[in-house]
$ cat structure_39.txt   # compact mmCIF, C-alpha atoms
# COMPACT_ATOMS: atom_id res chain seq x y z
CA MET Q 22 95.04 -6.76 2.91
CA ARG Q 23 98.19 -6.67 5.02
CA ASP Q 24 99.81 -9.28 2.76
CA LEU Q 25 98.77 -7.28 -0.30
CA GLY Q 26 100.80 -4.30 0.88
CA ALA Q 27 103.70 -6.55 1.92
CA GLY Q 28 103.89 -8.01 -1.58
CA PHE Q 29 104.09 -4.55 -3.13
CA ARG Q 30 106.80 -3.55 -0.67
CA TYR Q 31 108.90 -6.55 -1.72
CA LEU Q 32 108.62 -5.34 -5.32
CA LEU Q 33 109.86 -1.89 -4.29
CA LYS Q 34 112.64 -3.33 -2.10
CA GLY Q 35 113.89 -5.39 -5.04
CA GLN Q 36 114.12 -2.31 -7.25
CA LYS Q 37 115.89 -0.45 -4.45
CA TRP Q 38 118.41 -3.29 -4.08
CA VAL Q 39 119.46 -3.29 -7.74
CA GLY Q 40 119.50 0.51 -7.66
CA ARG Q 41 122.26 0.27 -5.04
CA HIS Q 42 124.12 -2.48 -6.95
CA GLY Q 43 124.67 -0.92 -10.37
CA ARG Q 44 126.87 -3.67 -11.78
CA GLN Q 45 124.34 -6.36 -10.99
CA TYR Q 46 121.61 -4.23 -12.54
CA GLY Q 47 123.60 -3.59 -15.73
CA PHE Q 48 124.22 -7.26 -16.42
CA GLY Q 49 120.60 -8.00 -15.53
CA LEU Q 50 119.38 -5.88 -18.43
CA LEU Q 51 121.01 -8.08 -21.08
CA PRO Q 52 118.67 -11.14 -20.91
CA GLY Q 53 115.62 -8.88 -21.05
CA LEU Q 54 116.96 -7.02 -24.08
CA ILE Q 55 117.66 -10.27 -25.92
CA THR Q 56 114.17 -11.58 -25.14
CA LEU Q 57 112.59 -8.28 -26.19
CA VAL Q 58 114.30 -8.41 -29.59
CA LEU Q 59 113.18 -12.03 -30.14
CA TYR Q 60 109.57 -11.31 -29.17
CA ALA Q 61 109.41 -8.08 -31.17
CA ALA Q 62 110.70 -9.87 -34.27
CA THR Q 63 108.05 -12.58 -33.84
CA LEU Q 64 105.21 -10.09 -33.43
CA VAL Q 65 106.37 -8.02 -36.41
CA ALA Q 66 106.52 -11.17 -38.55
CA LEU Q 67 103.01 -12.09 -37.39
CA ALA Q 68 101.74 -8.60 -38.24
CA LEU Q 69 103.27 -8.80 -41.73
CA TRP Q 70 102.39 -12.38 -42.66
CA GLY Q 71 99.59 -13.25 -40.23
CA ALA Q 72 96.92 -12.74 -42.89
CA ASP Q 73 98.75 -15.10 -45.25
CA LEU Q 74 98.97 -17.71 -42.49
CA VAL Q 75 95.25 -17.43 -41.76
CA GLY Q 76 94.47 -17.66 -45.47
CA TRP Q 77 96.55 -20.83 -45.77
CA ALA Q 78 94.84 -22.32 -42.69
CA THR Q 79 91.29 -21.59 -43.95
CA PRO Q 80 91.05 -22.91 -47.52
CA PHE Q 81 87.36 -23.72 -46.94
CA ALA Q 82 86.63 -19.97 -47.04
CA ASP Q 83 88.02 -19.53 -50.58
CA ASP Q 84 84.59 -19.98 -52.18
CA TRP Q 85 82.69 -17.75 -49.77
CA ALA Q 86 80.93 -14.74 -51.24
CA ASP Q 87 82.31 -11.26 -50.62
CA PRO Q 88 82.70 -9.75 -48.11
CA TRP Q 89 82.31 -12.71 -45.75
CA ALA Q 90 85.61 -14.43 -46.51
CA GLY Q 91 87.56 -11.21 -45.95
CA LEU Q 92 85.70 -10.37 -42.74
CA PHE Q 93 86.12 -13.88 -41.36
CA ARG Q 94 89.83 -14.02 -42.12
CA GLY Q 95 90.38 -10.47 -40.88
CA PHE Q 96 88.73 -11.40 -37.59
CA LEU Q 97 90.90 -14.53 -37.24
CA THR Q 98 94.02 -12.50 -38.01
CA ALA Q 99 93.16 -9.99 -35.28
CA VAL Q 100 92.43 -12.82 -32.83
CA LEU Q 101 95.72 -14.52 -33.69
CA PHE Q 102 97.73 -11.34 -33.10
CA ALA Q 103 95.90 -10.48 -29.87
CA LEU Q 104 96.46 -13.99 -28.54
CA ALA Q 105 100.15 -13.85 -29.48
CA LEU Q 106 100.46 -10.49 -27.69
CA LEU Q 107 98.82 -11.91 -24.55
CA LEU Q 108 101.04 -14.98 -24.59
CA SER Q 109 104.12 -12.79 -25.04
CA VAL Q 110 103.25 -10.94 -21.82
CA LEU Q 111 102.63 -14.22 -19.97
CA THR Q 112 105.80 -15.92 -21.21
CA PHE Q 113 108.22 -12.97 -21.30
CA THR Q 114 109.39 -13.56 -17.74
CA ALA Q 115 109.86 -17.31 -18.26
CA MET Q 116 111.92 -16.78 -21.41
CA THR Q 117 114.01 -13.99 -19.87
CA LEU Q 118 114.75 -16.11 -16.79
CA LEU Q 119 115.74 -19.05 -18.98
CA ILE Q 120 118.10 -16.94 -21.09
CA GLY Q 121 119.52 -15.19 -18.03
CA GLN Q 122 119.53 -18.20 -15.69
CA PRO Q 123 123.24 -18.06 -14.67
CA PHE Q 124 123.12 -14.33 -13.94
CA TYR Q 125 119.80 -14.38 -12.08
CA GLU Q 126 121.01 -17.29 -9.96
CA SER Q 127 124.04 -15.19 -8.99
CA LEU Q 128 121.90 -12.11 -8.33
CA SER Q 129 119.46 -14.09 -6.18
CA GLU Q 130 122.29 -15.62 -4.14
CA ARG Q 131 123.79 -12.16 -3.63
CA VAL Q 132 120.47 -10.86 -2.30
CA ASP Q 133 120.18 -13.86 0.03
CA ARG Q 134 123.66 -13.25 1.45
CA ASP Q 135 123.00 -9.53 1.90
CA VAL Q 136 119.84 -9.98 3.96
CA SER Q 137 120.70 -13.22 5.75
CA PRO Q 138 121.71 -12.66 9.42
CA ASP Q 139 124.64 -15.07 9.01
CA GLY Q 140 125.61 -13.86 5.52
CA THR Q 141 124.97 -17.22 3.83
CA ALA Q 142 122.70 -18.29 0.99
CA PRO Q 143 121.15 -21.66 0.09
CA GLU Q 144 123.03 -23.33 -2.78
CA SER Q 145 121.76 -25.86 -5.28
CA ASP Q 146 124.83 -28.11 -5.60
CA LEU Q 147 123.55 -29.12 -9.06
CA PRO Q 148 125.63 -28.65 -12.23
CA LEU Q 149 124.62 -25.74 -14.47
CA TRP Q 150 123.22 -27.98 -17.24
CA ARG Q 151 120.98 -29.69 -14.70
CA GLU Q 152 119.72 -26.37 -13.33
CA LEU Q 153 118.98 -25.17 -16.88
CA TRP Q 154 117.09 -28.37 -17.65
CA ILE Q 155 114.97 -28.12 -14.48
CA SER Q 156 114.30 -24.44 -15.12
CA ALA Q 157 113.25 -25.09 -18.74
CA ARG Q 158 111.06 -28.05 -17.76
CA ASP Q 159 109.31 -26.15 -14.97
CA SER Q 160 108.89 -23.06 -17.16
CA LEU Q 161 107.14 -25.14 -19.83
CA ARG Q 162 104.74 -26.48 -17.22
CA ILE Q 163 103.94 -23.00 -15.97
CA VAL Q 164 103.63 -21.60 -19.50
CA ALA Q 165 101.20 -24.41 -20.37
CA ARG Q 166 99.05 -23.50 -17.37
CA ALA Q 167 99.27 -19.81 -18.26
CA ALA Q 168 98.30 -20.54 -21.87
CA VAL Q 169 95.14 -22.35 -20.74
CA TRP Q 170 94.19 -19.33 -18.63
CA ALA Q 171 95.03 -16.98 -21.52
CA VAL Q 172 92.73 -18.83 -23.95
CA LEU Q 173 89.94 -19.02 -21.35
CA LEU Q 174 90.14 -15.32 -20.47
CA PHE Q 175 90.37 -14.36 -24.13
CA ALA Q 176 87.17 -16.30 -24.85
CA LEU Q 177 85.42 -14.75 -21.82
CA GLY Q 178 86.41 -11.35 -23.17
CA PHE Q 179 83.59 -11.65 -25.73
CA VAL Q 180 80.96 -11.81 -22.96
CA PRO Q 181 79.07 -8.48 -23.00
CA VAL Q 182 79.90 -6.04 -20.17
CA ALA Q 183 81.75 -8.59 -17.99
CA GLY Q 184 84.20 -9.26 -20.80
CA GLN Q 185 85.22 -5.62 -20.89
CA THR Q 186 85.24 -4.98 -17.12
CA VAL Q 187 85.58 -8.01 -14.83
CA VAL Q 188 87.59 -10.28 -17.12
CA PRO Q 189 90.52 -7.84 -17.69
CA VAL Q 190 90.86 -7.40 -13.90
CA ILE Q 191 90.91 -11.17 -13.38
CA GLY Q 192 93.45 -11.40 -16.19
CA PHE Q 193 95.88 -9.07 -14.42
CA PHE Q 194 95.62 -11.06 -11.18
CA VAL Q 195 96.19 -14.34 -13.03
CA THR Q 196 99.14 -12.86 -14.92
CA GLY Q 197 100.54 -11.49 -11.64
CA PHE Q 198 100.34 -14.91 -10.04
CA PHE Q 199 102.25 -16.62 -12.84
CA LEU Q 200 104.83 -13.83 -13.03
CA THR Q 201 105.48 -14.24 -9.32
CA GLU Q 202 105.78 -18.01 -9.66
CA GLU Q 203 108.42 -17.65 -12.35
CA LEU Q 204 110.38 -15.03 -10.43
CA THR Q 205 110.35 -16.78 -7.05
CA ALA Q 206 111.37 -20.01 -8.80
CA VAL Q 207 114.94 -18.69 -9.03
CA ALA Q 208 115.30 -18.60 -5.23
CA LEU Q 209 113.01 -21.53 -4.41
CA GLN Q 210 114.66 -23.88 -6.90
CA ARG Q 211 117.98 -23.37 -5.08
CA ARG Q 212 116.16 -24.44 -1.92
CA GLY Q 213 115.02 -27.68 -3.55
CA VAL Q 214 111.35 -26.65 -3.75
CA GLU Q 215 109.72 -28.43 -6.71
CA VAL Q 216 107.16 -26.77 -8.98
CA ARG Q 217 104.11 -28.42 -7.33
CA GLU Q 218 105.33 -27.35 -3.90
CA ARG Q 219 105.98 -23.83 -5.22
CA LEU Q 220 102.46 -23.51 -6.55
CA ALA Q 221 100.98 -24.78 -3.27
CA LEU Q 222 103.18 -22.36 -1.33
CA LEU Q 223 102.11 -19.41 -3.45
CA ARG Q 224 98.43 -20.36 -3.30
CA SER Q 225 98.64 -20.34 0.50
CA ARG Q 226 99.61 -16.63 0.38
CA LYS Q 227 97.63 -15.40 -2.64
CA THR Q 228 97.25 -11.82 -1.45
CA LEU Q 229 101.01 -11.55 -0.92
CA VAL Q 230 101.57 -12.91 -4.43
CA TRP Q 231 99.01 -10.56 -5.97
CA GLY Q 232 100.50 -7.58 -4.16
CA PHE Q 233 103.84 -8.37 -5.79
CA GLY Q 234 102.84 -9.71 -9.20
CA THR Q 235 99.78 -7.69 -10.22
CA PRO Q 236 101.48 -4.24 -10.14
CA LEU Q 237 104.39 -5.83 -12.01
CA ALA Q 238 102.02 -7.21 -14.66
CA LEU Q 239 100.53 -3.74 -15.10
CA ALA Q 240 104.00 -2.18 -15.34
CA PHE Q 241 105.00 -4.75 -17.98
CA LEU Q 242 102.34 -3.28 -20.28
CA VAL Q 243 104.47 -0.15 -20.60
CA PRO Q 244 106.81 -0.59 -23.59
CA PHE Q 245 110.30 -1.74 -22.53
CA ALA Q 246 109.38 -1.56 -18.82
CA ALA Q 247 109.82 -5.32 -18.40
CA VAL Q 248 113.45 -5.10 -19.51
CA PHE Q 249 114.34 -2.46 -16.90
CA LEU Q 250 112.28 -3.94 -14.07
CA MET Q 251 113.40 -7.58 -14.40
CA PRO Q 252 116.61 -7.42 -12.28
CA GLY Q 253 114.77 -5.69 -9.43
CA ALA Q 254 111.86 -8.11 -9.79
CA VAL Q 255 114.21 -11.06 -9.30
CA ALA Q 256 115.74 -9.38 -6.24
CA GLY Q 257 112.31 -8.62 -4.77
CA ALA Q 258 111.08 -12.15 -5.49
CA THR Q 259 114.09 -13.52 -3.59
CA LEU Q 260 113.14 -11.42 -0.57
CA MET Q 261 109.57 -12.67 -0.83
CA ALA Q 262 110.74 -16.28 -1.16
CA ARG Q 263 112.50 -15.91 2.19
CA ASP Q 264 109.21 -14.77 3.69
CA LEU Q 265 107.33 -17.72 2.16
CA MET Q 266 109.92 -20.14 3.57
CA GLY Q 267 109.80 -18.51 7.01
CA GLU Q 268 113.47 -17.47 6.89
CA GLU Q 269 114.75 -14.58 8.99
CA THR Q 270 115.68 -11.46 7.05
CA GLU Q 271 117.92 -8.65 8.28
CA GLU Q 272 116.13 -5.55 7.04
CA GLY Q 273 118.85 -3.03 7.83
CA GLY Q 274 121.83 -5.14 6.84
CA VAL Q 275 124.25 -5.18 3.95
CA ALA Q 276 121.40 -5.06 1.44
CA ASP Q 277 120.94 -1.37 2.12
CA LYS Q 278 124.59 -0.47 1.54
CA PRO Q 279 125.86 0.66 -1.86
CA GLU Q 280 127.91 -1.82 -3.86
CA GLU Q 281 131.59 -1.37 -3.19
CA GLU Q 282 134.01 -0.61 -5.99
CA GLY Q 283 135.54 -3.73 -7.42
CA VAL Q 284 132.88 -6.17 -6.23
CA GLY Q 285 132.15 -8.53 -9.07
CA THR Q 286 128.97 -10.21 -10.13
$ encode --input "structure_39.txt" --output "structure tokens"
Amino acid sequence: MRDLGAGFRYLLKGQKWVGRHGRQYGFGLLPGLITLVLYAATLVALALWGADLVGWATPFADDWADPWAGLFRGFLTAVLFALALLLSVLTFTAMTLLIGQPFYESLSERVDRDVSPDGTAPESDLPLWRELWISARDSLRIVARAAVWAVLLFALGFVPVAGQTVVPVIGFFVTGFFLTEELTAVALQRRGVEVRERLALLRSRKTLVWGFGTPLALAFLVPFAAVFLMPGAVAGATLMARDLMGEETEEGGVADKPEEEGVGT
């Protein structure tokens, strides 16, 4: 339970950090806004033409008697949209981090320097294209795992009683875990920690991860909240990554001071 509270505090500390560094926060909103527009356009298109897509994919139902064909296709259309909505929540962070990779790398390094006792931050030494490739590759692996969980939980949602009570709770914890993995990847990738090692590291401190990721997953359900919380989430995940790696953090250091005029990103 102690780790659960510590994870939540890292989430709050991250939001506090970007609140004191307005320029970093402002630039951090851009990737989230771009991702939001892309996802919204996809969901609107699915809402408008989802029924046509389902009709094209189920020609065997053309000869069914009324009203069975309409009910069957209506059900599939609703399932398709609900699944797309769930996947959009699970993959929003991965897509935003991919689009905003250069900025979030800079933000994460800045946080590391602020809270490090010696004022330094681990650096990747890899060219930008290589970092983007690794980030995209690892994100696809995580999204694939998340998609499997999403389909499984969606199917379990049809189980009477448990599907409407226990399964949604499990879903938020699973979503929180994957959100945390994606966010800590920014800091851990600079430290040379591969995706398998990251997952093992996070599984060793599950309550810490849930304390950070589950409230964030709940907050992401609020329209547009993900866009405004993303910069602080990256900052908080960097602080948590230092904890996971056993690195010393200076709690009352530069991180708590307002950003000085003229300091760039």
$ closest_residue --input "structure_39.txt" --among "Q:Gly213, Q:Ala247, Q:Leu229, Q:Glu271" --to "Gly140 in chain Q" --atoms "only C-alpha atoms"
Q:Glu271
$ closest_atom_pairs --input "structure_39.txt" --of "range 112-180 of chain Q" --to "range 29-40 of chain Q" --cutoff "10 Å" --atoms "all atoms listed in the file" --output "Markdown table"
| residue | atom | partner | partner_atom | distance |
| --- | --- | --- | --- | --- |
| Q:Leu128 | CA | Q:Val39 | CA | 9.2 |
| Q:Val132 | CA | Q:Trp38 | CA | 8.0 |
| Q:Asp135 | CA | Q:Trp38 | CA | 9.8 |
$ residues_around --input "structure_39.txt" --residues "Leu50 in chain Q" --least-positions-apart "2" --cutoff "10 Å" --atoms "only C-alpha atoms" --output "number ranges by chain"
Q: 45-48, 52-55, 117, 121, 247-252
$ write_last_selection --input "structure_39.txt" --atoms "C-alpha atoms" --output "mmCIF file, in the coordinates of the input"
data_model
loop_
_atom_site.group_PDB
_atom_site.id
_atom_site.type_symbol
_atom_site.label_atom_id
_atom_site.label_comp_id
_atom_site.auth_asym_id
_atom_site.auth_seq_id
_atom_site.Cartn_x
_atom_site.Cartn_y
_atom_site.Cartn_z
ATOM 1 C CA GLN Q 45 124.340 -6.360 -10.990
ATOM 2 C CA TYR Q 46 121.610 -4.230 -12.540
ATOM 3 C CA GLY Q 47 123.600 -3.590 -15.730
ATOM 4 C CA PHE Q 48 124.220 -7.260 -16.420
ATOM 5 C CA PRO Q 52 118.670 -11.140 -20.910
ATOM 6 C CA GLY Q 53 115.620 -8.880 -21.050
ATOM 7 C CA LEU Q 54 116.960 -7.020 -24.080
ATOM 8 C CA ILE Q 55 117.660 -10.270 -25.920
ATOM 9 C CA THR Q 117 114.010 -13.990 -19.870
ATOM 10 C CA GLY Q 121 119.520 -15.190 -18.030
ATOM 11 C CA ALA Q 247 109.820 -5.320 -18.400
ATOM 12 C CA VAL Q 248 113.450 -5.100 -19.510
ATOM 13 C CA PHE Q 249 114.340 -2.460 -16.900
ATOM 14 C CA LEU Q 250 112.280 -3.940 -14.070
ATOM 15 C CA MET Q 251 113.400 -7.580 -14.400
ATOM 16 C CA PRO Q 252 116.610 -7.420 -12.280
#
$ closest_residue --input "structure_39.txt" --among "Q:Ala82, Q:Leu101, Q:Met116, Q:Leu161" --to "Thr56 in chain Q" --atoms "all atoms listed in the file"
Q:Met116
$ atom_distance --input "structure_39.txt" --atom1 "CA of Ser225 in chain Q" --atom2 "CA of Glu268 in chain Q"
16.4 Å
